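Enquirer: Structure provided below as C-alpha cells; questions to follow.
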Amino acid sequence: MEIWQALILGLTQGITEFLPVSSSGHLEVLRVIMGLDGANFHYFLEFINLGTLLALLVYFSKYIIKIFKDIFIKHHFNLALNIIITCIPAGLAGLLLADFIENNDFFGNIITLAIALGVVGIIMVWIDKLPHASKLTSEAHLTKPRALIIGLAQVFALIPGVSRLGSTILAGRFMGMDNKSSATYSFLVAIPLMCGVCLKMFLSSDNRAYLFENLDILLLSNLVAFAVGMLAIFGALKFLKRDGSLQAFGWYRIIFALCILIVVLII
C-alpha cells in the first residue's frame, strides 16, 4: 500500500465511521478502485479502528469519567448497565460468527453491500415521516428491554453496508429516542465493542506481523482517522441536534448504492 492510499483510507475511515453511511462499505469500494490485495486489506481494516477508537475515547473522555466517577448515581448506573446490555448481542455474534462472515461470499459480495446501503437508506428516509411516540429525554433513560433490542439491531451491522451507527440510530428511534441521543448512545456503545475488537486483534500473530511490517502506513492512516474522526463526531452530533433528520444520510446511501449497482451490473 502506498502512502497516498493510506491517507485516503484514513480520511475515509475518520469521516464515515461516525456517520450512518457505512465505513466498511466505503472502504471496500475504495479497495476495489485502488486494486488493493484483499488479504492484506483485511488486516488494514482491523488496525484502522485504532484511530477512530482513540477519537471516541478523547471526545467522550469527560462523559466516560463522569459515568465511572458517579457510577452509583442512578441514571449513570443505568446508562452503564444499558451499554453492557446493548454490547452483548453484537459482541457475541461477532465472536461466534467472525470466521463464517469472513469466509462467506455473501458478506464479501459488493452486490450485498450495495443492497444493504440502499435498504437502510430507504428506512432512514421513511422513518422521519413516522410520529415520534414515547420520546425519551436522553440516552440515560433507556429501559433495559429497549437497550437489548438496540443491541440485537446492531447484529445486522455485521452485514457490510448496514452500518453499526445507522442500525443503532434507527433502533433508537423505534425505541423512542431522538436522533442525537441515539447517535450519542451508539458512540458510547462502540467504545467497549471496539476495545474488544482491538484486543482480539493483537492476540493474533498474523496481525502482529502485519503491524510491524506496515507500522509507518498504519501510524499515518490512524493519525488521519483520529483527527478527522474528532471533527466527524462533532459535526454529526451538531447536525443531528440542529436538523434532527436522517433523510440526508438516507438519500446519500440510496444514491451511493445505485452508483455501485450501475457500475457493477451495467458497466
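In the C-alpha cells, each chain is lettered A, B, ... as it comes, each chain's residues begin at 1, and ligands are numbered from 1 in order of appearance.
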Could you list, as a CSV table (one decimal) with N, CA and C atoms, in the first residue's frame, every residue within 7 Å of stretch 44-52 of chain A, counting only C-alpha atoms and ignoring same-chain residues fewer than 2 positions away?

Expert:
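This is the output file out34.csv:
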chain,number,residue,atom,x,y,z
A,14,GLY,N,-12.1,8.0,9.0
A,14,GLY,CA,-12.4,9.0,10.0
A,14,GLY,C,-13.8,9.7,9.8
A,40,ASN,N,-4.4,-8.6,2.7
A,40,ASN,CA,-3.7,-7.5,3.4
A,40,ASN,C,-4.7,-6.4,3.8
A,41,PHE,N,-5.6,-6.2,3.0
A,41,PHE,CA,-6.6,-5.1,3.3
A,41,PHE,C,-7.4,-5.5,4.5
A,42,HIS,N,-7.7,-6.8,4.7
A,42,HIS,CA,-8.5,-7.2,5.9
A,42,HIS,C,-7.7,-6.8,7.1
A,54,LEU,N,-9.6,5.9,19.4
A,54,LEU,CA,-8.9,6.9,20.2
A,54,LEU,C,-9.8,8.2,20.1
A,55,ALA,N,-10.3,8.5,18.9
A,55,ALA,CA,-11.2,9.7,18.8
A,55,ALA,C,-12.4,9.6,19.7
A,56,LEU,N,-13.0,8.5,19.8
A,56,LEU,CA,-14.1,8.3,20.7
A,56,LEU,C,-13.7,8.5,22.1
A,221,SER,N,-2.2,6.5,8.7
A,221,SER,CA,-3.6,6.4,8.4
A,221,SER,C,-4.4,6.5,9.7
A,222,ASN,N,-3.9,6.0,10.8
A,222,ASN,CA,-4.7,6.1,12.1
A,222,ASN,C,-4.6,7.6,12.6
A,223,LEU,N,-3.5,8.3,12.4
A,223,LEU,CA,-3.5,9.7,12.8
A,223,LEU,C,-4.5,10.5,12.1
A,225,ALA,N,-7.2,9.3,10.6
A,225,ALA,CA,-8.5,8.8,11.1
A,225,ALA,C,-8.9,9.4,12.4
A,226,PHE,N,-8.0,9.6,13.3
A,226,PHE,CA,-8.2,10.2,14.6
A,226,PHE,C,-8.6,11.6,14.5
A,229,GLY,N,-11.8,12.0,12.5
A,229,GLY,CA,-12.9,11.4,13.3
A,229,GLY,C,-13.4,12.3,14.4

Enquirer: When you look at A:Val125 with a cut-off of 8 Å (counting only C-alpha atoms), what residues show up, excluding the ones that are within fewer than 2 positions of it in the same chain? I need them as an NGL selection string.

Expert: :A and (121-123 or 127-129 or 246-248 or 250-251)

Enquirer: When you draw a straight line from atom CA of A:Gly151 to atom CA of A:Met124, how long is it in Å?

Expert: 18.4 Å

Enquirer: Write out as a tab-separated table (two decimals) with N, CA and C atoms, in the first residue's frame all residues of stretch 58-224 of chain A that backbone DSSP assigns to alpha helix (DSSP H).

Expert:
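Result saved to states_38.tsv:
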chain	number	residue	atom	x	y	z
A	58	VAL	N	-11.19	10.14	23.39
A	58	VAL	CA	-10.83	11.54	23.67
A	58	VAL	C	-12.07	12.43	23.69
A	59	TYR	N	-12.94	12.28	22.68
A	59	TYR	CA	-14.10	13.15	22.57
A	59	TYR	C	-15.05	12.96	23.76
A	61	SER	N	-14.23	11.62	26.72
A	61	SER	CA	-13.46	11.34	27.94
A	61	SER	C	-14.14	11.90	29.20
A	62	LYS	N	-14.62	13.14	29.12
A	62	LYS	CA	-15.28	13.73	30.30
A	62	LYS	C	-16.56	12.98	30.65
A	63	TYR	N	-17.29	12.58	29.62
A	63	TYR	CA	-18.54	11.83	29.82
A	63	TYR	C	-18.23	10.48	30.47
A	64	ILE	N	-17.21	9.79	29.94
A	64	ILE	CA	-16.83	8.47	30.46
A	64	ILE	C	-16.36	8.57	31.91
A	65	ILE	N	-15.50	9.57	32.19
A	65	ILE	CA	-15.00	9.76	33.56
A	65	ILE	C	-16.15	10.04	34.51
A	66	LYS	N	-17.11	10.85	34.07
A	66	LYS	CA	-18.26	11.19	34.90
A	66	LYS	C	-19.10	9.96	35.21
A	67	ILE	N	-19.28	9.09	34.21
A	67	ILE	CA	-20.05	7.86	34.43
A	67	ILE	C	-19.37	6.99	35.48
A	68	PHE	N	-18.04	6.80	35.37
A	68	PHE	CA	-17.33	5.95	36.33
A	68	PHE	C	-17.22	6.62	37.70
A	69	LYS	N	-17.05	7.93	37.69
A	69	LYS	CA	-16.91	8.66	38.95
A	69	LYS	C	-18.20	8.64	39.75
A	74	LYS	N	-28.06	6.96	40.18
A	74	LYS	CA	-28.99	6.08	39.48
A	74	LYS	C	-28.89	6.15	37.96
A	75	HIS	N	-28.97	7.36	37.38
A	75	HIS	CA	-29.02	7.42	35.91
A	75	HIS	C	-27.68	7.05	35.27
A	76	HIS	N	-26.56	7.29	35.98
A	76	HIS	CA	-25.26	6.88	35.45
A	76	HIS	C	-25.11	5.36	35.52
A	77	PHE	N	-25.58	4.76	36.60
A	77	PHE	CA	-25.54	3.31	36.74
A	77	PHE	C	-26.40	2.65	35.67
A	78	ASN	N	-27.60	3.21	35.45
A	78	ASN	CA	-28.49	2.67	34.43
A	78	ASN	C	-27.88	2.77	33.04
A	79	LEU	N	-27.22	3.89	32.76
A	79	LEU	CA	-26.59	4.07	31.45
A	79	LEU	C	-25.47	3.06	31.25
A	80	ALA	N	-24.63	2.88	32.27
A	80	ALA	CA	-23.52	1.92	32.17
A	80	ALA	C	-24.05	0.50	31.97
A	81	LEU	N	-25.13	0.16	32.70
A	81	LEU	CA	-25.72	-1.18	32.57
A	81	LEU	C	-26.35	-1.36	31.19
A	82	ASN	N	-27.00	-0.32	30.70
A	82	ASN	CA	-27.60	-0.38	29.36
A	82	ASN	C	-26.55	-0.59	28.28
A	83	ILE	N	-25.42	0.09	28.41
A	83	ILE	CA	-24.35	-0.05	27.43
A	83	ILE	C	-23.86	-1.49	27.39
A	84	ILE	N	-23.71	-2.10	28.56
A	84	ILE	CA	-23.28	-3.50	28.63
A	84	ILE	C	-24.31	-4.40	27.96
A	85	ILE	N	-25.60	-4.17	28.27
A	85	ILE	CA	-26.68	-4.99	27.69
A	85	ILE	C	-26.68	-4.86	26.16
A	86	THR	N	-26.52	-3.65	25.66
A	86	THR	CA	-26.54	-3.42	24.21
A	86	THR	C	-25.34	-4.07	23.53
A	87	CYS	N	-24.20	-4.11	24.22
A	87	CYS	CA	-22.98	-4.68	23.64
A	87	CYS	C	-23.04	-6.20	23.49
A	88	ILE	N	-23.80	-6.87	24.35
A	88	ILE	CA	-23.76	-8.33	24.41
A	88	ILE	C	-24.14	-9.00	23.10
A	89	PRO	N	-25.29	-8.68	22.46
A	89	PRO	CA	-25.65	-9.40	21.23
A	89	PRO	C	-24.62	-9.24	20.11
A	90	ALA	N	-24.22	-8.01	19.83
A	90	ALA	CA	-23.26	-7.78	18.74
A	90	ALA	C	-21.90	-8.39	19.08
A	91	GLY	N	-21.49	-8.28	20.36
A	91	GLY	CA	-20.22	-8.84	20.79
A	91	GLY	C	-20.18	-10.35	20.62
A	92	LEU	N	-21.25	-11.02	21.05
A	92	LEU	CA	-21.32	-12.48	20.92
A	92	LEU	C	-21.39	-12.90	19.45
A	93	ALA	N	-22.23	-12.19	18.67
A	93	ALA	CA	-22.37	-12.53	17.25
A	93	ALA	C	-21.04	-12.35	16.53
A	94	GLY	N	-20.34	-11.26	16.82
A	94	GLY	CA	-19.04	-11.03	16.18
A	94	GLY	C	-18.02	-12.08	16.56
A	95	LEU	N	-18.06	-12.51	17.81
A	95	LEU	CA	-17.11	-13.52	18.29
A	95	LEU	C	-17.39	-14.89	17.70
A	96	LEU	N	-18.67	-15.27	17.67
A	96	LEU	CA	-19.05	-16.61	17.23
A	96	LEU	C	-19.10	-16.74	15.71
A	97	LEU	N	-19.41	-15.64	15.02
A	97	LEU	CA	-19.63	-15.72	13.58
A	97	LEU	C	-18.50	-15.10	12.76
A	98	ALA	N	-17.42	-14.67	13.42
A	98	ALA	CA	-16.34	-13.96	12.73
A	98	ALA	C	-15.78	-14.76	11.57
A	99	ASP	N	-15.46	-16.04	11.79
A	99	ASP	CA	-14.87	-16.86	10.73
A	99	ASP	C	-15.88	-17.11	9.61
A	100	PHE	N	-17.13	-17.35	9.98
A	100	PHE	CA	-18.18	-17.60	8.98
A	100	PHE	C	-18.36	-16.38	8.08
A	101	ILE	N	-18.43	-15.19	8.68
A	101	ILE	CA	-18.62	-13.96	7.92
A	101	ILE	C	-17.42	-13.70	7.02
A	102	GLU	N	-16.23	-13.92	7.55
A	102	GLU	CA	-15.00	-13.65	6.80
A	102	GLU	C	-14.86	-14.54	5.58
A	103	ASN	N	-15.35	-15.79	5.70
A	103	ASN	CA	-15.15	-16.77	4.62
A	103	ASN	C	-16.40	-17.00	3.77
A	105	ASP	N	-19.02	-15.82	0.94
A	105	ASP	CA	-19.07	-14.93	-0.22
A	105	ASP	C	-20.20	-13.91	-0.12
A	106	PHE	N	-21.29	-14.27	0.56
A	106	PHE	CA	-22.43	-13.35	0.68
A	106	PHE	C	-22.01	-12.05	1.35
A	107	PHE	N	-21.22	-12.14	2.42
A	107	PHE	CA	-20.82	-10.96	3.18
A	107	PHE	C	-19.73	-10.17	2.46
A	108	GLY	N	-18.98	-10.83	1.58
A	108	GLY	CA	-17.92	-10.14	0.86
A	108	GLY	C	-18.33	-9.68	-0.52
A	110	ILE	N	-20.01	-7.37	-3.29
A	110	ILE	CA	-20.27	-5.94	-3.41
A	110	ILE	C	-21.75	-5.66	-3.72
A	111	ILE	N	-22.46	-6.66	-4.29
A	111	ILE	CA	-23.90	-6.51	-4.52
A	111	ILE	C	-24.63	-6.50	-3.18
A	112	THR	N	-24.22	-7.37	-2.27
A	112	THR	CA	-24.79	-7.37	-0.92
A	112	THR	C	-24.56	-6.03	-0.25
A	113	LEU	N	-23.37	-5.50	-0.41
A	113	LEU	CA	-23.02	-4.19	0.14
A	113	LEU	C	-23.96	-3.11	-0.40
A	114	ALA	N	-24.16	-3.09	-1.70
A	114	ALA	CA	-25.00	-2.06	-2.32
A	114	ALA	C	-26.46	-2.18	-1.86
A	115	ILE	N	-26.97	-3.41	-1.80
A	115	ILE	CA	-28.35	-3.63	-1.38
A	115	ILE	C	-28.55	-3.17	0.07
A	116	ALA	N	-27.59	-3.52	0.94
A	116	ALA	CA	-27.68	-3.12	2.35
A	116	ALA	C	-27.64	-1.59	2.48
A	117	LEU	N	-26.76	-0.95	1.73
A	117	LEU	CA	-26.70	0.51	1.73
A	117	LEU	C	-28.05	1.11	1.34
A	118	GLY	N	-28.64	0.60	0.26
A	118	GLY	CA	-29.90	1.14	-0.24
A	118	GLY	C	-31.06	0.87	0.68
A	119	VAL	N	-31.19	-0.34	1.21
A	119	VAL	CA	-32.32	-0.70	2.07
A	119	VAL	C	-32.32	0.15	3.33
A	120	VAL	N	-31.17	0.25	3.99
A	120	VAL	CA	-31.08	1.08	5.20
A	120	VAL	C	-31.32	2.54	4.86
A	121	GLY	N	-30.87	2.98	3.69
A	121	GLY	CA	-31.11	4.35	3.26
A	121	GLY	C	-32.59	4.64	3.11
A	122	ILE	N	-33.33	3.71	2.52
A	122	ILE	CA	-34.78	3.86	2.36
A	122	ILE	C	-35.46	3.95	3.72
A	123	ILE	N	-35.02	3.12	4.67
A	123	ILE	CA	-35.59	3.16	6.01
A	123	ILE	C	-35.32	4.50	6.67
A	124	MET	N	-34.13	5.05	6.47
A	124	MET	CA	-33.78	6.35	7.05
A	124	MET	C	-34.67	7.47	6.50
A	125	VAL	N	-34.94	7.42	5.20
A	125	VAL	CA	-35.82	8.42	4.59
A	125	VAL	C	-37.23	8.28	5.12
A	126	TRP	N	-37.66	7.04	5.29
A	126	TRP	CA	-39.03	6.74	5.69
A	126	TRP	C	-39.28	7.02	7.18
A	127	ILE	N	-38.30	6.75	8.02
A	127	ILE	CA	-38.53	6.80	9.46
A	127	ILE	C	-38.83	8.21	9.97
A	144	LYS	N	-34.13	-1.28	30.07
A	144	LYS	CA	-33.29	-2.46	29.79
A	144	LYS	C	-33.78	-3.25	28.57
A	145	PRO	N	-35.09	-3.53	28.44
A	145	PRO	CA	-35.54	-4.25	27.24
A	145	PRO	C	-35.24	-3.48	25.95
A	146	ARG	N	-35.39	-2.15	25.99
A	146	ARG	CA	-35.11	-1.36	24.79
A	146	ARG	C	-33.60	-1.36	24.49
A	147	ALA	N	-32.78	-1.35	25.52
A	147	ALA	CA	-31.33	-1.43	25.31
A	147	ALA	C	-30.96	-2.75	24.64
A	148	LEU	N	-31.64	-3.83	25.03
A	148	LEU	CA	-31.39	-5.14	24.43
A	148	LEU	C	-31.82	-5.17	22.97
A	149	ILE	N	-32.96	-4.55	22.66
A	149	ILE	CA	-33.45	-4.51	21.28
A	149	ILE	C	-32.46	-3.75	20.39
A	150	ILE	N	-31.91	-2.64	20.90
A	150	ILE	CA	-30.91	-1.89	20.15
A	150	ILE	C	-29.68	-2.77	19.91
A	151	GLY	N	-29.31	-3.55	20.93
A	151	GLY	CA	-28.18	-4.46	20.78
A	151	GLY	C	-28.43	-5.52	19.72
A	152	LEU	N	-29.65	-6.04	19.67
A	152	LEU	CA	-30.00	-7.03	18.65
A	152	LEU	C	-29.96	-6.41	17.26
A	153	ALA	N	-30.39	-5.16	17.17
A	153	ALA	CA	-30.35	-4.46	15.88
A	153	ALA	C	-28.92	-4.28	15.39
A	154	GLN	N	-28.00	-4.11	16.34
A	154	GLN	CA	-26.59	-3.92	15.97
A	154	GLN	C	-25.99	-5.15	15.30
A	164	ARG	N	-23.04	0.15	11.74
A	164	ARG	CA	-23.36	0.00	13.15
A	164	ARG	C	-24.07	1.24	13.68
A	165	LEU	N	-23.56	2.41	13.33
A	165	LEU	CA	-24.18	3.66	13.77
A	165	LEU	C	-25.59	3.79	13.19
A	166	GLY	N	-25.73	3.44	11.90
A	166	GLY	CA	-27.05	3.53	11.28
A	166	GLY	C	-28.06	2.61	11.93
A	167	SER	N	-27.67	1.36	12.20
A	167	SER	CA	-28.60	0.41	12.81
A	167	SER	C	-28.97	0.84	14.22
A	168	THR	N	-28.02	1.41	14.96
A	168	THR	CA	-28.28	1.84	16.33
A	168	THR	C	-29.21	3.06	16.36
A	169	ILE	N	-28.97	4.00	15.46
A	169	ILE	CA	-29.83	5.19	15.42
A	169	ILE	C	-31.26	4.80	15.04
A	170	LEU	N	-31.40	3.93	14.05
A	170	LEU	CA	-32.74	3.51	13.63
A	170	LEU	C	-33.45	2.76	14.76
A	171	ALA	N	-32.74	1.84	15.41
A	171	ALA	CA	-33.34	1.10	16.53
A	171	ALA	C	-33.68	2.05	17.67
A	172	GLY	N	-32.79	3.02	17.93
A	172	GLY	CA	-33.05	4.00	18.98
A	172	GLY	C	-34.29	4.82	18.69
A	173	ARG	N	-34.48	5.18	17.42
A	173	ARG	CA	-35.68	5.92	17.03
A	173	ARG	C	-36.94	5.11	17.30
A	174	PHE	N	-36.91	3.84	16.94
A	174	PHE	CA	-38.06	2.97	17.19
A	174	PHE	C	-38.30	2.78	18.69
A	179	ASN	N	-32.70	11.45	17.31
A	179	ASN	CA	-31.51	11.07	16.54
A	179	ASN	C	-30.21	11.38	17.27
A	180	LYS	N	-30.13	12.54	17.91
A	180	LYS	CA	-28.90	12.93	18.61
A	180	LYS	C	-28.62	11.99	19.78
A	181	SER	N	-29.65	11.69	20.58
A	181	SER	CA	-29.47	10.78	21.71
A	181	SER	C	-29.09	9.39	21.23
A	182	SER	N	-29.72	8.95	20.12
A	182	SER	CA	-29.39	7.64	19.56
A	182	SER	C	-27.94	7.58	19.10
A	183	ALA	N	-27.47	8.67	18.45
A	183	ALA	CA	-26.09	8.72	17.98
A	183	ALA	C	-25.11	8.73	19.15
A	184	THR	N	-25.40	9.54	20.16
A	184	THR	CA	-24.54	9.60	21.35
A	184	THR	C	-24.45	8.23	22.00
A	185	TYR	N	-25.60	7.57	22.13
A	185	TYR	CA	-25.62	6.24	22.74
A	185	TYR	C	-24.83	5.25	21.89
A	186	SER	N	-24.96	5.37	20.58
A	186	SER	CA	-24.22	4.48	19.68
A	186	SER	C	-22.72	4.66	19.84
A	187	PHE	N	-22.27	5.91	19.96
A	187	PHE	CA	-20.84	6.18	20.14
A	187	PHE	C	-20.34	5.57	21.45
A	188	LEU	N	-21.13	5.70	22.51
A	188	LEU	CA	-20.73	5.15	23.81
A	188	LEU	C	-20.67	3.62	23.76
A	189	VAL	N	-21.65	3.02	23.10
A	189	VAL	CA	-21.67	1.56	22.97
A	189	VAL	C	-20.49	1.07	22.13
A	190	ALA	N	-20.08	1.88	21.15
A	190	ALA	CA	-18.98	1.48	20.27
A	190	ALA	C	-17.67	1.33	21.02
A	191	ILE	N	-17.49	2.08	22.11
A	191	ILE	CA	-16.21	2.07	22.82
A	191	ILE	C	-15.84	0.68	23.34
A	192	PRO	N	-16.70	0.02	24.16
A	192	PRO	CA	-16.32	-1.33	24.62
A	192	PRO	C	-16.25	-2.33	23.48
A	193	LEU	N	-17.12	-2.20	22.47
A	193	LEU	CA	-17.08	-3.13	21.34
A	193	LEU	C	-15.77	-3.01	20.57
A	194	MET	N	-15.36	-1.77	20.30
A	194	MET	CA	-14.12	-1.55	19.56
A	194	MET	C	-12.90	-1.93	20.39
A	195	CYS	N	-12.97	-1.73	21.70
A	195	CYS	CA	-11.88	-2.17	22.59
A	195	CYS	C	-11.72	-3.68	22.51
A	196	GLY	N	-12.84	-4.39	22.50
A	196	GLY	CA	-12.80	-5.85	22.39
A	196	GLY	C	-12.22	-6.30	21.07
A	197	VAL	N	-12.61	-5.63	19.99
A	197	VAL	CA	-12.09	-5.97	18.65
A	197	VAL	C	-10.58	-5.74	18.59
A	198	CYS	N	-10.13	-4.61	19.15
A	198	CYS	CA	-8.70	-4.28	19.12
A	198	CYS	C	-7.89	-5.26	19.98
A	199	LEU	N	-8.44	-5.64	21.13
A	199	LEU	CA	-7.75	-6.60	21.99
A	199	LEU	C	-7.62	-7.95	21.28
A	200	LYS	N	-8.70	-8.41	20.66
A	200	LYS	CA	-8.67	-9.68	19.93
A	200	LYS	C	-7.68	-9.61	18.77
A	201	MET	N	-7.59	-8.43	18.16
A	201	MET	CA	-6.71	-8.23	17.02
A	201	MET	C	-5.24	-8.45	17.41
A	202	PHE	N	-4.85	-7.95	18.57
A	202	PHE	CA	-3.46	-8.06	18.99
A	202	PHE	C	-3.09	-9.47	19.46
A	205	SER	N	-1.06	-13.64	15.91
A	205	SER	CA	0.34	-13.48	15.48
A	205	SER	C	0.42	-12.91	14.06
A	206	ASP	N	-0.53	-13.28	13.21
A	206	ASP	CA	-0.56	-12.74	11.85
A	206	ASP	C	-0.80	-11.23	11.88
A	207	ASN	N	-1.71	-10.81	12.75
A	207	ASN	CA	-1.99	-9.37	12.88
A	207	ASN	C	-0.77	-8.61	13.39
A	208	ARG	N	-0.10	-9.19	14.37
A	208	ARG	CA	1.09	-8.53	14.93
A	208	ARG	C	2.19	-8.43	13.87
A	209	ALA	N	2.33	-9.47	13.07
A	209	ALA	CA	3.33	-9.45	12.00
A	209	ALA	C	3.00	-8.35	10.99
A	210	TYR	N	1.72	-8.23	10.63
A	210	TYR	CA	1.31	-7.18	9.68
A	210	TYR	C	1.57	-5.79	10.27
A	211	LEU	N	1.32	-5.64	11.57
A	211	LEU	CA	1.54	-4.36	12.24
A	211	LEU	C	3.00	-3.93	12.13
A	212	PHE	N	3.92	-4.82	12.46
A	212	PHE	CA	5.35	-4.47	12.46
A	212	PHE	C	5.88	-4.24	11.04
A	213	GLU	N	5.29	-4.94	10.06
A	213	GLU	CA	5.74	-4.77	8.68
A	213	GLU	C	5.21	-3.49	8.04
A	215	LEU	N	4.14	-0.58	9.94
A	215	LEU	CA	3.96	0.36	11.05
A	215	LEU	C	3.82	1.81	10.58
A	216	ASP	N	4.62	2.22	9.60
A	216	ASP	CA	4.57	3.61	9.14
A	216	ASP	C	3.24	3.96	8.49
A	217	ILE	N	2.75	3.07	7.64
A	217	ILE	CA	1.47	3.31	6.95
A	217	ILE	C	0.31	3.28	7.93
A	218	LEU	N	0.34	2.34	8.88
A	218	LEU	CA	-0.74	2.25	9.86
A	218	LEU	C	-0.73	3.45	10.80
A	219	LEU	N	0.44	3.92	11.18
A	219	LEU	CA	0.53	5.09	12.05
A	219	LEU	C	-0.04	6.32	11.34
A	220	LEU	N	0.34	6.51	10.10
A	220	LEU	CA	-0.13	7.66	9.33
A	220	LEU	C	-1.65	7.61	9.14
A	221	SER	N	-2.17	6.47	8.71
A	221	SER	CA	-3.60	6.35	8.43
A	221	SER	C	-4.42	6.52	9.71
A	222	ASN	N	-3.92	6.01	10.83
A	222	ASN	CA	-4.65	6.14	12.09
A	222	ASN	C	-4.61	7.57	12.63
A	223	LEU	N	-3.51	8.27	12.42
A	223	LEU	CA	-3.45	9.68	12.82
A	223	LEU	C	-4.48	10.51	12.05
A	224	VAL	N	-4.58	10.24	10.76
A	224	VAL	CA	-5.57	10.93	9.93
A	224	VAL	C	-6.99	10.56	10.38

Enquirer: Near A:Gly235, within 10 Å and counting only C-alpha atoms, which residues show up once chain neighbours fewer than 6 positions away are dropped, as a PyMOL selection string?

Expert: chain A and resi 15+18-19+229+241

Enquirer: Figure out the distance between atom CA of A:Leu203 and atom CA of A:Val21, please, to one decimal in Å.

Expert: 29.7 Å

Enquirer: Can you work out the spacing between atom CA of A:Gln5 and atom CA of A:Ser22 in Å, to one decimal?

Expert: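 We find that atom CA of A:Gln5 and atom CA of A:Ser22 lie 19.1 Å from each other.
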